[in-house]
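See below for work_13.cif, which holds mmCIF, C-alpha atoms and all ligand atoms.
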```cif
data_input
#
loop_
_atom_site.label_atom_id
_atom_site.label_comp_id
_atom_site.auth_asym_id
_atom_site.auth_seq_id
_atom_site.Cartn_x
_atom_site.Cartn_y
_atom_site.Cartn_z
CA MET A 1 61.61 -14.85 -43.60
CA THR A 2 57.89 -15.42 -43.29
CA ARG A 3 56.53 -13.90 -40.13
CA ILE A 4 53.65 -15.62 -38.38
CA ASN A 5 50.71 -14.12 -36.55
CA GLU A 6 52.28 -14.40 -33.10
CA ASN A 7 48.89 -14.12 -31.43
CA PHE A 8 48.50 -17.82 -32.20
CA LEU A 9 51.41 -18.52 -29.86
CA LYS A 10 49.40 -17.10 -26.99
CA LEU A 11 46.73 -19.80 -27.34
CA SER A 12 46.74 -22.94 -25.22
CA LYS A 13 48.36 -25.88 -27.02
CA SER A 14 45.08 -27.27 -28.33
CA TYR A 15 41.40 -26.42 -28.56
CA LEU A 16 39.32 -27.71 -25.62
CA PHE A 17 37.52 -30.47 -27.50
CA SER A 18 40.66 -31.58 -29.37
CA ASN A 19 42.37 -31.88 -26.01
CA ILE A 20 39.57 -34.08 -24.72
CA ALA A 21 39.60 -36.20 -27.89
CA THR A 22 43.33 -36.82 -27.36
CA LYS A 23 42.76 -37.88 -23.75
CA ILE A 24 40.07 -40.35 -24.84
CA LYS A 25 42.32 -41.76 -27.56
CA GLU A 26 45.14 -42.26 -25.07
CA TYR A 27 42.82 -43.95 -22.58
CA LYS A 28 41.40 -46.23 -25.29
CA ALA A 29 44.88 -47.24 -26.42
CA LEU A 30 45.68 -48.37 -22.88
CA HIS A 31 42.24 -49.97 -22.27
CA PRO A 32 41.01 -51.29 -25.64
CA ASP A 33 38.37 -53.47 -23.97
CA LYS A 34 36.56 -50.55 -22.28
CA GLU A 35 33.39 -49.15 -23.81
CA ILE A 36 33.38 -45.39 -23.36
CA ILE A 37 30.21 -43.32 -23.39
CA SER A 38 30.68 -39.75 -24.57
CA LEU A 39 28.66 -37.02 -22.95
CA GLY A 40 31.48 -34.60 -23.74
CA ILE A 41 31.35 -32.58 -26.96
CA GLY A 42 27.80 -31.61 -27.83
CA ASP A 43 27.57 -33.87 -30.85
CA VAL A 44 24.17 -35.25 -31.79
CA THR A 45 23.38 -38.94 -32.23
CA GLN A 46 19.95 -39.04 -33.89
CA PRO A 47 19.86 -39.37 -37.69
CA LEU A 48 18.70 -36.54 -39.93
CA SER A 49 14.95 -36.05 -40.17
CA PRO A 50 13.26 -37.97 -43.03
CA ALA A 51 12.17 -34.58 -44.46
CA SER A 52 15.80 -33.42 -44.73
CA ILE A 53 16.96 -36.74 -46.17
CA GLU A 54 14.25 -36.69 -48.83
CA ALA A 55 15.05 -33.09 -49.76
CA MET A 56 18.77 -33.83 -49.98
CA HIS A 57 18.17 -36.89 -52.17
CA ALA A 58 16.03 -34.77 -54.48
CA ALA A 59 18.76 -32.12 -54.58
CA VAL A 60 21.34 -34.76 -55.55
CA GLU A 61 19.01 -35.85 -58.36
CA GLU A 62 18.92 -32.24 -59.58
CA MET A 63 22.70 -32.34 -59.78
CA THR A 64 22.52 -35.24 -62.24
CA ALA A 65 20.96 -33.26 -65.11
CA ALA A 66 22.53 -30.31 -66.91
CA ASP A 67 19.37 -28.20 -66.77
CA THR A 68 18.94 -28.54 -62.98
CA PHE A 69 22.61 -28.78 -62.02
CA ARG A 70 23.90 -26.04 -59.67
CA GLY A 71 27.43 -24.69 -59.54
CA TYR A 72 28.43 -21.77 -57.35
CA GLY A 73 25.48 -20.52 -55.36
CA PRO A 74 25.00 -17.10 -53.82
CA GLU A 75 27.65 -16.74 -51.07
CA GLN A 76 25.06 -15.51 -48.59
CA GLY A 77 22.67 -18.42 -49.23
CA TYR A 78 19.84 -19.38 -51.55
CA PRO A 79 16.72 -17.21 -51.28
CA PHE A 80 14.52 -20.28 -50.57
CA LEU A 81 16.36 -20.91 -47.29
CA ARG A 82 16.79 -17.27 -46.26
CA GLU A 83 13.07 -16.69 -46.84
CA ALA A 84 12.05 -19.86 -44.98
CA ILE A 85 14.09 -18.66 -41.98
CA VAL A 86 12.42 -15.25 -41.95
CA GLU A 87 8.96 -16.84 -42.30
CA ASN A 88 9.39 -19.60 -39.74
CA ASP A 89 11.99 -18.57 -37.18
CA TYR A 90 11.16 -14.87 -36.90
CA ARG A 91 7.74 -13.83 -38.25
CA PRO A 92 5.79 -16.04 -35.77
CA ARG A 93 7.58 -14.13 -32.98
CA ASN A 94 6.59 -10.79 -34.52
CA ILE A 95 10.12 -10.08 -35.70
CA GLU A 96 10.17 -8.57 -39.17
CA LEU A 97 13.35 -9.25 -41.11
CA ASP A 98 14.23 -9.06 -44.75
CA ALA A 99 15.81 -12.17 -46.26
CA SER A 100 18.86 -10.05 -47.12
CA GLU A 101 19.50 -9.68 -43.38
CA VAL A 102 20.03 -13.45 -43.08
CA PHE A 103 23.39 -14.95 -44.11
CA ILE A 104 23.61 -18.73 -44.49
CA SER A 105 26.89 -20.30 -43.41
CA ASP A 106 28.51 -23.58 -42.47
CA GLY A 107 27.65 -23.05 -38.82
CA ALA A 108 27.66 -20.77 -35.82
CA LYS A 109 31.19 -21.81 -34.87
CA SER A 110 32.62 -20.30 -38.06
CA ASP A 111 30.47 -17.19 -37.90
CA THR A 112 31.10 -16.39 -34.23
CA GLY A 113 34.80 -16.89 -34.93
CA ASN A 114 34.91 -14.93 -38.19
CA ILE A 115 32.72 -11.98 -37.24
CA GLY A 116 35.70 -10.41 -35.47
CA ASP A 117 37.16 -9.61 -38.93
CA LEU A 118 34.79 -6.63 -39.14
CA PHE A 119 35.97 -4.91 -35.99
CA SER A 120 38.96 -2.86 -34.91
CA ASN A 121 41.34 -4.24 -32.31
CA LYS A 122 40.71 -1.12 -30.28
CA ASN A 123 37.32 -2.42 -29.19
CA SER A 124 36.97 -3.66 -25.64
CA VAL A 125 35.41 -7.11 -25.32
CA GLY A 126 33.27 -8.65 -22.59
CA LEU A 127 31.76 -12.08 -22.17
CA THR A 128 29.96 -14.23 -19.68
CA ASP A 129 32.22 -16.69 -17.91
CA PRO A 130 32.16 -19.69 -18.42
CA ILE A 131 31.52 -19.56 -22.16
CA TYR A 132 31.92 -21.37 -25.50
CA PRO A 133 35.72 -21.20 -26.04
CA VAL A 134 35.52 -20.05 -29.67
CA TYR A 135 34.69 -16.48 -28.62
CA ILE A 136 37.85 -16.07 -26.57
CA ASP A 137 40.18 -18.04 -28.83
CA SER A 138 39.14 -16.06 -31.91
CA ASN A 139 39.77 -12.77 -30.10
CA VAL A 140 43.20 -14.03 -29.08
CA MET A 141 43.96 -14.90 -32.72
CA ASN A 142 42.87 -11.42 -33.82
CA GLY A 143 45.07 -9.75 -31.22
CA ARG A 144 42.20 -8.28 -29.26
CA SER A 145 42.62 -10.22 -26.02
CA GLY A 146 45.75 -8.77 -24.44
CA ASP A 147 47.77 -11.12 -22.24
CA LEU A 148 46.80 -14.07 -20.12
CA ILE A 149 47.19 -13.16 -16.47
CA ASP A 150 45.87 -15.49 -13.77
CA GLN A 151 43.76 -17.43 -16.28
CA LYS A 152 42.14 -14.28 -17.69
CA TRP A 153 42.96 -12.20 -20.77
CA ASN A 154 43.58 -8.69 -19.54
CA ASN A 155 41.73 -6.92 -22.39
CA ILE A 156 38.63 -9.05 -21.96
CA SER A 157 36.03 -8.48 -19.24
CA TYR A 158 34.60 -11.62 -17.68
CA TYR A 159 31.04 -11.59 -16.31
CA ARG A 160 31.01 -14.34 -13.73
CA CYS A 161 28.09 -16.79 -13.88
CA THR A 162 28.02 -19.34 -11.08
CA ALA A 163 25.50 -20.85 -8.68
CA GLU A 164 26.21 -17.90 -6.32
CA ASN A 165 24.55 -15.43 -8.71
CA ASP A 166 22.06 -17.92 -10.19
CA PHE A 167 24.08 -17.77 -13.40
CA ILE A 168 22.79 -14.26 -14.10
CA PRO A 169 25.61 -12.01 -15.28
CA THR A 170 25.98 -8.50 -13.91
CA LEU A 171 26.11 -5.63 -16.40
CA PRO A 172 29.57 -4.22 -17.11
CA THR A 173 30.73 -1.45 -14.85
CA GLN A 174 33.03 -0.08 -17.54
CA LYS A 175 32.18 0.80 -21.12
CA THR A 176 32.46 -2.33 -23.28
CA ASP A 177 32.23 -2.22 -27.08
CA ILE A 178 31.59 -5.86 -27.94
CA ILE A 179 29.65 -8.24 -25.69
CA TYR A 180 29.18 -11.95 -26.30
CA LEU A 181 26.02 -13.55 -24.92
CA CYS A 182 24.98 -17.15 -25.53
CA TYR A 183 21.44 -18.13 -24.45
CA PRO A 184 20.35 -20.80 -23.75
CA ASN A 185 23.86 -20.93 -22.46
CA ASN A 186 26.64 -23.19 -23.53
CA PRO A 187 28.04 -24.57 -21.23
CA THR A 188 25.81 -23.97 -18.18
CA GLY A 189 22.47 -24.74 -19.86
CA THR A 190 20.96 -21.75 -18.04
CA VAL A 191 18.77 -19.05 -19.60
CA LEU A 192 17.91 -15.37 -19.26
CA THR A 193 14.35 -14.10 -19.03
CA LYS A 194 13.18 -11.33 -21.34
CA ALA A 195 13.53 -8.84 -18.49
CA GLU A 196 17.15 -9.86 -17.89
CA LEU A 197 18.04 -9.78 -21.56
CA LYS A 198 16.41 -6.36 -21.90
CA LYS A 199 18.94 -4.97 -19.41
CA TRP A 200 21.74 -5.97 -21.82
CA VAL A 201 19.99 -4.50 -24.84
CA ASP A 202 19.39 -1.25 -22.95
CA TYR A 203 23.03 -1.20 -21.86
CA ALA A 204 24.19 -1.74 -25.44
CA ILE A 205 21.98 1.02 -26.81
CA THR A 206 23.09 3.50 -24.14
CA ASN A 207 26.77 2.69 -24.58
CA GLN A 208 26.80 2.17 -28.37
CA SER A 209 27.96 -1.40 -27.76
CA LEU A 210 27.35 -4.35 -30.00
CA ILE A 211 26.00 -7.68 -28.70
CA PHE A 212 26.93 -10.93 -30.41
CA PHE A 213 23.99 -13.13 -29.44
CA ASP A 214 24.54 -16.85 -29.97
CA ALA A 215 21.12 -18.53 -30.03
CA ALA A 216 22.33 -21.92 -31.29
CA TYR A 217 20.26 -23.71 -28.62
CA GLU A 218 17.00 -21.76 -28.85
CA ALA A 219 15.04 -24.78 -30.14
CA PHE A 220 15.52 -26.46 -26.76
CA ILE A 221 13.68 -23.77 -24.78
CA GLN A 222 10.67 -25.25 -23.01
CA GLU A 223 9.47 -22.40 -20.78
CA GLU A 224 7.46 -19.31 -21.65
CA ASP A 225 9.08 -15.91 -21.22
CA ILE A 226 12.48 -17.14 -22.30
CA PRO A 227 13.47 -15.26 -25.46
CA HIS A 228 14.31 -17.41 -28.49
CA SER A 229 15.78 -14.42 -30.30
CA ILE A 230 17.37 -11.23 -29.03
CA TYR A 231 15.17 -9.36 -31.51
CA GLU A 232 12.20 -10.16 -29.26
CA ILE A 233 13.61 -7.31 -27.17
CA GLU A 234 12.74 -3.83 -28.34
CA GLY A 235 15.70 -1.96 -29.83
CA ALA A 236 17.85 -5.06 -30.32
CA LYS A 237 18.06 -4.57 -34.08
CA GLN A 238 20.12 -1.45 -33.40
CA CYS A 239 22.65 -3.26 -31.25
CA ALA A 240 22.79 -7.02 -31.90
CA ILE A 241 23.93 -9.66 -34.34
CA GLU A 242 22.32 -13.08 -33.87
CA PHE A 243 23.87 -16.45 -34.66
CA ARG A 244 21.86 -19.63 -35.17
CA SER A 245 22.66 -23.19 -36.09
CA PHE A 246 20.99 -26.25 -37.61
CA SER A 247 23.59 -28.47 -35.91
CA LYS A 248 21.79 -29.41 -32.75
CA THR A 249 18.24 -28.67 -33.90
CA ALA A 250 18.28 -30.74 -37.05
CA GLY A 251 21.25 -33.07 -36.63
CA PHE A 252 23.55 -31.02 -38.87
CA THR A 253 26.78 -31.23 -36.83
CA GLY A 254 28.35 -33.21 -39.68
CA ILE A 255 26.40 -31.70 -42.58
CA ARG A 256 27.22 -28.11 -41.50
CA CYS A 257 24.71 -25.30 -41.82
CA GLY A 258 23.79 -22.28 -39.75
CA TYR A 259 23.02 -18.63 -40.21
CA THR A 260 23.73 -15.15 -38.96
CA VAL A 261 21.30 -12.25 -38.83
CA ILE A 262 22.65 -8.74 -39.33
CA PRO A 263 19.84 -6.18 -39.44
CA LYS A 264 20.22 -3.41 -42.02
CA GLU A 265 19.89 -0.74 -39.36
CA LEU A 266 22.85 -2.07 -37.37
CA LYS A 267 25.87 0.21 -37.64
CA GLY A 268 29.54 0.14 -36.71
CA PHE A 269 31.65 3.30 -36.70
CA THR A 270 34.87 4.55 -38.28
CA GLU A 271 37.54 6.28 -36.14
CA GLU A 272 35.88 9.57 -37.13
CA GLY A 273 32.51 8.32 -35.91
CA LYS A 274 31.00 7.79 -39.36
CA PRO A 275 28.31 5.04 -39.26
CA VAL A 276 28.85 2.04 -41.54
CA SER A 277 26.35 -0.75 -42.31
CA LEU A 278 27.51 -4.01 -40.72
CA ASN A 279 25.22 -5.93 -43.05
CA GLU A 280 27.15 -4.52 -46.02
CA LEU A 281 30.53 -5.20 -44.41
CA TRP A 282 29.65 -8.84 -43.67
CA HIS A 283 28.26 -9.24 -47.19
CA ARG A 284 31.57 -7.93 -48.51
CA ARG A 285 33.57 -10.22 -46.24
CA GLN A 286 31.57 -13.31 -47.11
CA THR A 287 31.65 -12.73 -50.88
CA THR A 288 35.45 -12.61 -50.70
CA LYS A 289 36.20 -15.33 -48.17
CA PHE A 290 33.27 -17.75 -48.46
CA ASN A 291 31.69 -19.55 -51.39
CA GLY A 292 28.43 -20.50 -49.74
CA VAL A 293 26.97 -23.69 -48.31
CA SER A 294 26.23 -26.49 -50.77
CA TYR A 295 22.84 -26.47 -52.51
CA ILE A 296 22.17 -30.00 -51.23
CA THR A 297 22.79 -28.95 -47.64
CA GLN A 298 20.60 -25.87 -47.94
CA ARG A 299 17.75 -27.96 -49.37
CA GLY A 300 18.11 -30.29 -46.39
CA ALA A 301 18.01 -27.33 -43.99
CA ALA A 302 14.98 -25.75 -45.67
CA ALA A 303 13.09 -29.05 -45.35
CA ILE A 304 12.92 -28.71 -41.56
CA TYR A 305 10.44 -25.87 -42.14
CA SER A 306 7.97 -28.15 -43.95
CA LYS A 307 5.02 -29.46 -41.91
CA ALA A 308 6.58 -32.93 -41.63
CA GLY A 309 10.06 -31.49 -41.02
CA LYS A 310 8.85 -29.34 -38.13
CA GLU A 311 7.22 -32.34 -36.48
CA GLN A 312 10.28 -34.57 -36.96
CA VAL A 313 12.70 -31.99 -35.62
CA LYS A 314 10.45 -31.41 -32.62
CA GLN A 315 10.58 -35.13 -31.84
CA MET A 316 14.37 -35.03 -31.97
CA VAL A 317 14.50 -32.05 -29.62
CA ASN A 318 12.04 -33.81 -27.27
CA LEU A 319 14.18 -36.93 -27.20
CA TYR A 320 17.26 -34.94 -26.15
CA MET A 321 15.31 -32.91 -23.61
CA ASN A 322 13.86 -36.12 -22.13
CA ASN A 323 17.44 -37.33 -21.74
CA ALA A 324 18.35 -34.07 -20.03
CA SER A 325 15.45 -34.23 -17.64
CA PHE A 326 16.09 -37.90 -16.80
CA MET A 327 19.79 -37.29 -16.17
CA LYS A 328 19.14 -34.20 -14.08
CA LYS A 329 16.55 -35.98 -11.95
CA GLU A 330 18.78 -38.99 -11.32
CA LEU A 331 21.88 -36.96 -10.49
CA GLU A 332 19.92 -34.71 -8.15
CA ARG A 333 18.35 -37.73 -6.49
CA PHE A 334 21.88 -38.91 -5.93
CA GLY A 335 22.63 -35.63 -4.15
CA LEU A 336 24.55 -33.65 -6.76
CA ASN A 337 23.87 -29.98 -7.50
CA VAL A 338 22.80 -29.87 -11.13
CA TYR A 339 21.98 -26.73 -13.12
CA GLY A 340 20.63 -26.22 -16.64
CA GLY A 341 19.01 -29.11 -18.48
CA GLU A 342 15.54 -27.51 -18.48
CA ASN A 343 15.75 -25.24 -21.51
CA ALA A 344 19.00 -26.55 -22.93
CA PRO A 345 20.58 -29.94 -23.65
CA TYR A 346 23.46 -29.32 -21.21
CA LEU A 347 23.70 -30.20 -17.51
CA TRP A 348 26.12 -28.18 -15.41
CA ILE A 349 27.16 -30.09 -12.34
CA LYS A 350 28.98 -28.92 -9.25
CA THR A 351 31.80 -31.39 -8.71
CA PRO A 352 31.45 -33.24 -5.40
CA ASN A 353 33.88 -32.39 -2.58
CA ASN A 354 35.11 -29.37 -4.57
CA ILE A 355 37.45 -31.45 -6.67
CA SER A 356 38.80 -29.70 -9.73
CA SER A 357 37.06 -30.01 -13.08
CA TRP A 358 39.96 -31.86 -14.72
CA GLU A 359 40.40 -34.21 -11.79
CA PHE A 360 36.70 -35.07 -12.00
CA PHE A 361 37.10 -35.62 -15.75
CA ASP A 362 40.03 -38.02 -15.26
CA GLN A 363 38.35 -39.92 -12.45
CA MET A 364 35.08 -40.29 -14.32
CA LEU A 365 36.84 -41.49 -17.44
CA CYS A 366 38.85 -44.09 -15.51
CA ASN A 367 36.21 -45.23 -13.05
CA ALA A 368 32.95 -44.91 -14.97
CA ASN A 369 34.24 -44.85 -18.56
CA VAL A 370 32.09 -41.81 -19.20
CA VAL A 371 33.40 -38.63 -20.83
CA GLY A 372 32.17 -35.15 -19.97
CA THR A 373 33.69 -31.69 -20.31
CA PRO A 374 35.61 -30.03 -17.47
CA GLY A 375 33.94 -26.73 -16.59
CA VAL A 376 37.20 -24.84 -16.36
CA GLY A 377 37.74 -25.52 -20.07
CA PHE A 378 35.03 -22.90 -20.64
CA GLY A 379 36.67 -20.27 -18.47
CA PRO A 380 37.91 -19.63 -14.92
CA SER A 381 34.41 -19.46 -13.40
CA GLY A 382 33.81 -22.99 -14.66
CA GLU A 383 36.35 -24.41 -12.21
CA GLY A 384 34.66 -26.87 -9.86
CA TYR A 385 31.93 -27.60 -12.41
CA PHE A 386 31.47 -30.26 -15.04
CA ARG A 387 29.30 -30.39 -18.18
CA LEU A 388 27.35 -33.37 -19.49
CA THR A 389 25.45 -33.29 -22.76
CA ALA A 390 22.08 -34.91 -23.32
CA PHE A 391 22.83 -35.58 -26.99
CA ASN A 392 23.59 -39.26 -26.66
CA THR A 393 20.93 -41.96 -27.13
CA PRO A 394 18.44 -42.54 -24.25
CA GLU A 395 20.05 -45.95 -23.68
CA ASN A 396 23.56 -44.53 -23.38
CA CYS A 397 22.42 -41.64 -21.18
CA LYS A 398 20.78 -44.13 -18.84
CA LYS A 399 23.83 -46.38 -18.82
CA ALA A 400 26.14 -43.41 -18.23
CA ILE A 401 24.13 -42.21 -15.24
CA GLU A 402 24.10 -45.71 -13.75
CA ARG A 403 27.87 -45.90 -14.11
CA ILE A 404 28.45 -42.42 -12.67
CA THR A 405 26.22 -42.95 -9.64
CA LYS A 406 27.68 -46.43 -9.02
CA TRP A 407 31.21 -45.00 -9.12
CA LEU A 408 30.39 -41.98 -6.93
CA SER A 409 28.63 -44.08 -4.32
CA LYS A 410 31.92 -45.91 -3.75
CA VAL A 411 33.98 -42.72 -3.38
C1 LIG B 501 30.04 -28.01 -27.52
O1 LIG B 501 30.15 -29.18 -27.14
O2 LIG B 501 30.22 -27.04 -26.79
C2 LIG B 501 29.66 -27.80 -28.94
O3 LIG B 501 29.30 -28.98 -29.54
C3 LIG B 501 30.76 -27.26 -29.68
C4 LIG B 501 30.30 -26.71 -30.98
O4 LIG B 501 29.11 -26.55 -31.25
O5 LIG B 501 31.19 -26.37 -31.75
#
```
How does the structure come out when it is put into structure tokens?
Amino acid sequence: MTRINENFLKLSKSYLFSNIATKIKEYKALHPDKEIISLGIGDVTQPLSPASIEAMHAAVEEMTAADTFRGYGPEQGYPFLREAIVENDYRPRNIELDASEVFISDGAKSDTGNIGDLFSNKNSVGLTDPIYPVYIDSNVMNGRSGDLIDQKWNNISYYRCTAENDFIPTLPTQKTDIIYLCYPNNPTGTVLTKAELKKWVDYAITNQSLIFFDAAYEAFIQEEDIPHSIYEIEGAKQCAIEFRSFSKTAGFTGIRCGYTVIPKELKGFTEEGKPVSLNELWHRRQTTKFNGVSYITQRGAAAIYSKAGKEQVKQMVNLYMNNASFMKKELERFGLNVYGGENAPYLWIKTPNNISSWEFFDQMLCNANVVGTPGVGFGPSGEGYFRLTAFNTPENCKKAIERITKWLSKV
């Protein structure tokens, strides 16, 4: 008899975005003539930058000759990409990293899900609520979550982030070993200032906690004083792992590439309290379970750090942020309470008349043929909210807002 990991049975039937995809498919089957606009999953619509395309074509050419062909690459990434990241994403912000502290992967989703492999199930876990569902689901799979009681896992602490507290989480009142933070935040699109983030770093240092900082959306920050990296905060290298992604920044949702930074000085502890390098543990884990990202992909990612690449990627980010600002302005003009959308490509909307997130989803799909994401799908504090992404084309964003406001004005 083969026994399964029964933790999987505790999960909801399907992952949030698979659930939504099924609902859209069902609706389309019943209404084949309807044109649906998706502002649901945060998938990008703009093509890759010309710099990435050119670099990837050149990399394919290299694969055609025996003397330039590449087989297995280093599991943790090619030095050219790891070094470009250190030089371009960190050094200009006065953060000194060694390339060996950067691990290239197929994206932040995999890394934020897999990082749990390094840690004992005895750790307590805390996260802001609502949050990217991968953090919770992966802890459930690992057996670290406890049981689901009243929509919350009883071994996970939830730090409520709603309009009532300006989406600023309160520090834990009990000792928490692992804390997930995602800023700019998915799903609320809100941010933390340096002063706010410093409180979390100070807490982690005092309590020997570890912060998993997901900075997948840092490229969308527009305002000063909003940290792009947790390592902008003094002491963070002793207490934080940072996750980044090329998905939204460079159009890599389908290509797949991201990276994780694990500073050499960052330590975990054995039961006896002996410090162990997390950088070495992750290196060990990745060399066993991961064979690296393709050479072609890594060349494409490195190209965004060229002069032309930087300019092209900036234009892409500007296009999405213009969508966000247009959508936010129009929905607010219509009278809705809209949060986020200023330093992140997500708008977080209070549902009108307090209707539930899923009810709003169903009504919007049927009446406006626009798809969004129900806030409660990101956690209990997301109930009564709804997320729209700004990643569609300007034309579709405009059309979607027209449809939504037309529908709501009739309600
Ligand atoms: C989202 O819509 O929250 C993201 O696209 C999901 C992801 O990055 O995996």
Task: Among the residues A:Thr45, A:Pro169, A:Tyr339, A:Ser157, the one that comes closest to Glu395 of chain A [using all atoms listed in the file] - done: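 Selected residue with least distance to Glu395 of chain A: A:Thr45.
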Open item on the list: Taking only C-alpha atoms and all ligand atoms into account, which residues have an atom no farther than 10 Å from ligand LIG 501 (chain B)? I'd like them as a count of residues only.
Closed with: 33
Need the axis-aligned box for segment 16-27 of chain A with 4 Å each side, so what are the centre and edges in Å to one decimal, as AutoDock Vina command-line options?
```
--center_x 41.3 --center_y -35.8 --center_z -26.0 --size_x 15.6 --size_y 24.2 --size_z 14.8
```
Task: Point-to-point distance in Å for atom CA of Glu271 of chain A and atom CA of Asn123 of chain A - done: 11.1 Å
Open item on the list: Taking all atoms listed in the file into account, name the residue in A:Ala303, A:Phe269, A:Ala204, A:Ala163 that is nearest to Asn337 of chain A.
Closed with: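 Of A:Ala303, A:Phe269, A:Ala204, A:Ala163, the one nearest Asn337 of chain A, counting all atoms listed in the file, is A:Ala163.
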Open item on the list: Report, in Å with one decimal, the straight-line distance from atom CA of Phe8 of chain A to atom CA of Met141 of chain A.
Closed with: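 Answer for the atom CA of Phe8 of chain A to atom CA of Met141 of chain A separation: 5.4 Å.
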- [ ] Report the distance between atom CA of Ile149 of chain A and atom CA of Gln363 of chain A in Å, rounded to one decimal place.
- [x]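 About the pair atom CA of Ile149 of chain A and atom CA of Gln363 of chain A: they are 28.5 Å apart.
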Task: Selected residue, from A:Ala58, A:Leu11, A:Leu30, A:Leu319, that lies nearest to Arg299 of chain A when counting all atoms listed in the file - done: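 Comparing A:Ala58, A:Leu11, A:Leu30, A:Leu319 against Arg299 of chain A, the winner is A:Ala58.
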Task: Non-local contacts of Ala324 of chain A (8 Å; only C-alpha atoms; under 5 positions in same chain excluded) as a list in words - done: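 The neighbour list is Gly341, Glu342, Pro345, Tyr346, Leu347, Thr389 and Ala390 of chain A.
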TODO: Determine the nearest neighbour of Glu101 of chain A from the options A:Ile53, A:Ile36, A:Leu171, A:Ile85, counting all atoms listed in the file.
DONE: A:Ile85
TODO: Could you tell me which of A:Thr68, A:Thr190, A:Ser12, A:Asn142 comes closest to Ile349 of chain A if we count all atoms listed in the file?
DONE: A:Thr190
Task: Test item: residues at most 9 Å from segment 87-94 of chain A, all atoms listed in the file, excluding those fewer than 4 positions along its chain, as a list in words - done: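 Surrounding residues, per the criterion: Arg82, Glu83, His228, Ser229, Tyr231, Glu232 and Tyr305 of chain A.
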- [ ] Point out the residue among A:Ile179, A:Val191, A:Asn139, A:Gly73 with the least atom-to-atom distance to Glu223 of chain A, counting all atoms listed in the file.
- [x]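 Ranked by minimum distance to Glu223 of chain A, first place goes to A:Val191.
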- [ ] Around the point (42.1, -16.3, -14.3) in the file's coordinates, collect all residues with an atom within 9 Å, using all atoms listed in the file, and return them as a count of residues only.
- [x] 9
